[in-house]
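Take a look at the structure set out below.
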Amino acid sequence: IEHVVAPDALLCSNTSTLPITALAEGVERQADFIGLHFFSPVDKMPLVEIIRGGRTGEEALARAFDLVRQIGKTPIVVNDSRGFFT
């Protein structure tokens, strides 16, 4: 995916079950890979899980946090573990 997005783009997955660390193994820019899990229904649920993978960088984490706030949602940073919200 890195060859079709801007070099400074966050690489995100909305998964609610797959490990972010494992998904990040499929990209070169693992420091920019992060999970953003929007709860359903998205228009009614304020929480967004931000899942930091094993190689997610501090900058990506901060940018994801800011992005979630900018769209009017409440970010919660969670561990990369089964079911998240841990």
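Every chain in the structure tokens takes a letter, A first, then B, and so on in the order presented; its residues are numbered from 1, and the ligands are numbered from 1 following the presented order.
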
Using backbone DSSP assignments, extract all strand (DSSP E or B) residues from region 2-85 of chain A; output them as a compact mmCIF listing (two decimals) with N, CA and C atoms, in the first residue's frame.
# COMPACT_ATOMS: atom_id res chain seq x y z
N LEU A 11 -1.07 4.41 8.15
CA LEU A 11 -1.56 3.15 7.59
C LEU A 11 -2.41 2.52 8.68
N CYS A 12 -3.72 2.41 8.45
CA CYS A 12 -4.64 2.00 9.50
C CYS A 12 -5.50 0.82 9.09
N SER A 13 -5.92 0.08 10.10
CA SER A 13 -6.90 -0.98 9.92
C SER A 13 -8.03 -0.75 10.91
N PHE A 33 1.92 2.07 11.03
CA PHE A 33 0.74 1.20 10.99
C PHE A 33 0.09 1.16 12.37
N ILE A 34 -1.24 1.37 12.38
CA ILE A 34 -1.96 1.47 13.65
C ILE A 34 -3.40 0.99 13.44
N GLY A 35 -4.04 0.58 14.49
CA GLY A 35 -5.44 0.19 14.41
C GLY A 35 -6.34 1.34 14.85
N LEU A 36 -7.39 1.58 14.09
CA LEU A 36 -8.44 2.54 14.46
C LEU A 36 -9.75 1.79 14.37
N HIS A 37 -10.25 1.35 15.50
CA HIS A 37 -11.47 0.56 15.51
C HIS A 37 -12.65 1.43 15.92
N PHE A 38 -13.53 1.70 14.95
CA PHE A 38 -14.74 2.48 15.19
C PHE A 38 -15.84 1.53 15.63
N LEU A 47 -16.81 6.29 20.99
CA LEU A 47 -15.47 5.73 21.21
C LEU A 47 -14.83 5.20 19.94
N VAL A 48 -13.51 5.41 19.86
CA VAL A 48 -12.68 4.80 18.83
C VAL A 48 -11.46 4.23 19.53
N GLU A 49 -11.25 2.93 19.37
CA GLU A 49 -10.06 2.30 19.92
C GLU A 49 -8.87 2.61 19.01
N ILE A 50 -7.79 3.04 19.61
CA ILE A 50 -6.53 3.21 18.89
C ILE A 50 -5.64 2.09 19.37
N ILE A 51 -5.30 1.18 18.46
CA ILE A 51 -4.54 0.00 18.83
C ILE A 51 -3.11 0.16 18.34
N ARG A 52 -2.21 0.18 19.28
CA ARG A 52 -0.79 0.33 18.97
C ARG A 52 -0.18 -1.05 18.77
N THR A 74 -14.13 10.09 20.71
CA THR A 74 -13.33 9.95 21.93
C THR A 74 -12.33 8.81 21.74
N PRO A 75 -11.03 9.13 21.68
CA PRO A 75 -10.04 8.09 21.48
C PRO A 75 -9.69 7.38 22.79
N ILE A 76 -9.52 6.07 22.70
CA ILE A 76 -8.96 5.31 23.82
C ILE A 76 -7.84 4.45 23.26
N VAL A 77 -6.67 4.56 23.85
CA VAL A 77 -5.52 3.77 23.42
C VAL A 77 -5.56 2.44 24.15
N VAL A 78 -5.51 1.36 23.38
CA VAL A 78 -5.64 0.02 23.97
C VAL A 78 -4.48 -0.86 23.51

**Message:** Residues near region 53-70 of chain A, anyone? I mean within 8 Å using only C-alpha atoms, not counting same-chain ones fewer than 6 positions away, as a PyMOL selection string.
**Reply:** chain A and resi 10+19-21+24+30-36+79-80

Hey, can you spit out that residue selection with N, CA and C atoms as a PDB file, in the first residue's frame?
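part-v5.pdb written:
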ATOM      1  N   LEU A  10      -0.855   7.863   7.491  1.00  0.00           N
ATOM      2  CA  LEU A  10      -1.011   6.798   8.477  1.00  0.00           C
ATOM      3  C   LEU A  10      -1.545   5.567   7.756  1.00  0.00           C
ATOM      4  N   PRO A  19      -4.784  -9.144  15.067  1.00  0.00           N
ATOM      5  CA  PRO A  19      -3.701  -8.420  15.748  1.00  0.00           C
ATOM      6  C   PRO A  19      -3.043  -7.384  14.828  1.00  0.00           C
ATOM      7  N   ILE A  20      -2.913  -6.181  15.321  1.00  0.00           N
ATOM      8  CA  ILE A  20      -2.301  -5.096  14.556  1.00  0.00           C
ATOM      9  C   ILE A  20      -0.838  -5.408  14.262  1.00  0.00           C
ATOM     10  N   THR A  21      -0.142  -5.970  15.216  1.00  0.00           N
ATOM     11  CA  THR A  21       1.264  -6.309  15.013  1.00  0.00           C
ATOM     12  C   THR A  21       1.421  -7.277  13.850  1.00  0.00           C
ATOM     13  N   ALA A  24       0.718  -5.493  10.512  1.00  0.00           N
ATOM     14  CA  ALA A  24       1.800  -4.574  10.161  1.00  0.00           C
ATOM     15  C   ALA A  24       2.969  -5.290   9.497  1.00  0.00           C
ATOM     16  N   GLN A  30       6.160  -0.100   9.181  1.00  0.00           N
ATOM     17  CA  GLN A  30       5.458  -0.617  10.355  1.00  0.00           C
ATOM     18  C   GLN A  30       5.285   0.437  11.439  1.00  0.00           C
ATOM     19  N   ALA A  31       6.163   1.415  11.498  1.00  0.00           N
ATOM     20  CA  ALA A  31       6.042   2.483  12.502  1.00  0.00           C
ATOM     21  C   ALA A  31       4.813   3.350  12.249  1.00  0.00           C
ATOM     22  N   ASP A  32       4.313   3.351  11.008  1.00  0.00           N
ATOM     23  CA  ASP A  32       3.141   4.152  10.646  1.00  0.00           C
ATOM     24  C   ASP A  32       1.848   3.341  10.658  1.00  0.00           C
ATOM     25  N   PHE A  33       1.917   2.071  11.028  1.00  0.00           N
ATOM     26  CA  PHE A  33       0.738   1.195  10.994  1.00  0.00           C
ATOM     27  C   PHE A  33       0.086   1.161  12.371  1.00  0.00           C
ATOM     28  N   ILE A  34      -1.237   1.372  12.382  1.00  0.00           N
ATOM     29  CA  ILE A  34      -1.964   1.465  13.649  1.00  0.00           C
ATOM     30  C   ILE A  34      -3.397   0.989  13.439  1.00  0.00           C
ATOM     31  N   GLY A  35      -4.039   0.578  14.492  1.00  0.00           N
ATOM     32  CA  GLY A  35      -5.442   0.194  14.412  1.00  0.00           C
ATOM     33  C   GLY A  35      -6.337   1.338  14.847  1.00  0.00           C
ATOM     34  N   LEU A  36      -7.393   1.577  14.092  1.00  0.00           N
ATOM     35  CA  LEU A  36      -8.435   2.541  14.456  1.00  0.00           C
ATOM     36  C   LEU A  36      -9.749   1.788  14.365  1.00  0.00           C
ATOM     37  N   ASN A  79      -4.293  -1.942  24.258  1.00  0.00           N
ATOM     38  CA  ASN A  79      -3.257  -2.912  23.924  1.00  0.00           C
ATOM     39  C   ASN A  79      -3.653  -3.739  22.711  1.00  0.00           C
ATOM     40  N   ASP A  80      -2.669  -4.230  22.013  1.00  0.00           N
ATOM     41  CA  ASP A  80      -2.882  -5.103  20.864  1.00  0.00           C
ATOM     42  C   ASP A  80      -3.096  -6.525  21.374  1.00  0.00           C
TER      43      ASP A  80
END

**Asked** CA of Lys73 (chain A) and CA of Met45 (chain A) are how many Å apart?
**Response**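 Separating CA of Lys73 (chain A) from CA of Met45 (chain A) is a distance of 8.2 Å.
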
**Prompt:** Can you tell me how far CA of Phe39 (chain A) sits from CA of Leu18 (chain A), in Å to one decimal?
**Reply:**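 Interatomic distance here is 15.2 Å.
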
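The space separating CA of Arg82 (chain A) from CA of Thr17 (chain A) comes to 6.2 Å.
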
Which of chain A end up as alpha helix (DSSP H) when DSSP is run on this backbone - answer as a PDB file with C-alpha atoms, in the first residue's frame?
ATOM      1  CA  ILE A  20      -2.301  -5.096  14.556  1.00  0.00           C
ATOM      2  CA  THR A  21       1.264  -6.309  15.013  1.00  0.00           C
ATOM      3  CA  ALA A  22       0.612  -9.241  12.658  1.00  0.00           C
ATOM      4  CA  LEU A  23      -1.111  -7.030  10.067  1.00  0.00           C
ATOM      5  CA  ALA A  24       1.800  -4.574  10.161  1.00  0.00           C
ATOM      6  CA  GLU A  58       5.052   7.478  18.890  1.00  0.00           C
ATOM      7  CA  GLU A  59       4.367   9.905  16.034  1.00  0.00           C
ATOM      8  CA  ALA A  60       1.772   7.606  14.456  1.00  0.00           C
ATOM      9  CA  LEU A  61       0.100   7.156  17.839  1.00  0.00           C
ATOM     10  CA  ALA A  62      -0.061  10.928  18.408  1.00  0.00           C
ATOM     11  CA  ARG A  63      -1.367  11.579  14.885  1.00  0.00           C
ATOM     12  CA  ALA A  64      -4.067   8.915  15.219  1.00  0.00           C
ATOM     13  CA  PHE A  65      -5.130  10.364  18.586  1.00  0.00           C
ATOM     14  CA  ASP A  66      -5.382  13.851  17.047  1.00  0.00           C
ATOM     15  CA  LEU A  67      -7.306  12.551  14.030  1.00  0.00           C
ATOM     16  CA  VAL A  68      -9.908  10.840  16.202  1.00  0.00           C
ATOM     17  CA  ARG A  69     -10.376  14.024  18.257  1.00  0.00           C
ATOM     18  CA  GLN A  70     -10.673  16.146  15.093  1.00  0.00           C
TER      19      GLN A  70
END

Excluding same-chain residues fewer than 5 positions from Glu2 (chain A), what lies within 10 Å of it counting only C-alpha atoms, as a PDB file with C-alpha atoms, in the first residue's frame?
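Result went into selection-v7.pdb, see below:
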ATOM      1  CA  PRO A   7       4.769   9.087   2.302  1.00  0.00           C
ATOM      2  CA  ASP A   8       3.414  10.639   5.508  1.00  0.00           C
ATOM      3  CA  ALA A   9       0.046   8.813   5.465  1.00  0.00           C
ATOM      4  CA  LEU A  10      -1.011   6.798   8.477  1.00  0.00           C
ATOM      5  CA  LEU A  11      -1.562   3.151   7.595  1.00  0.00           C
ATOM      6  CA  VAL A  27       3.947  -3.338   5.174  1.00  0.00           C
ATOM      7  CA  GLU A  28       7.373  -1.760   5.095  1.00  0.00           C
ATOM      8  CA  ARG A  29       6.422   1.280   7.208  1.00  0.00           C
TER       9      ARG A  29
END
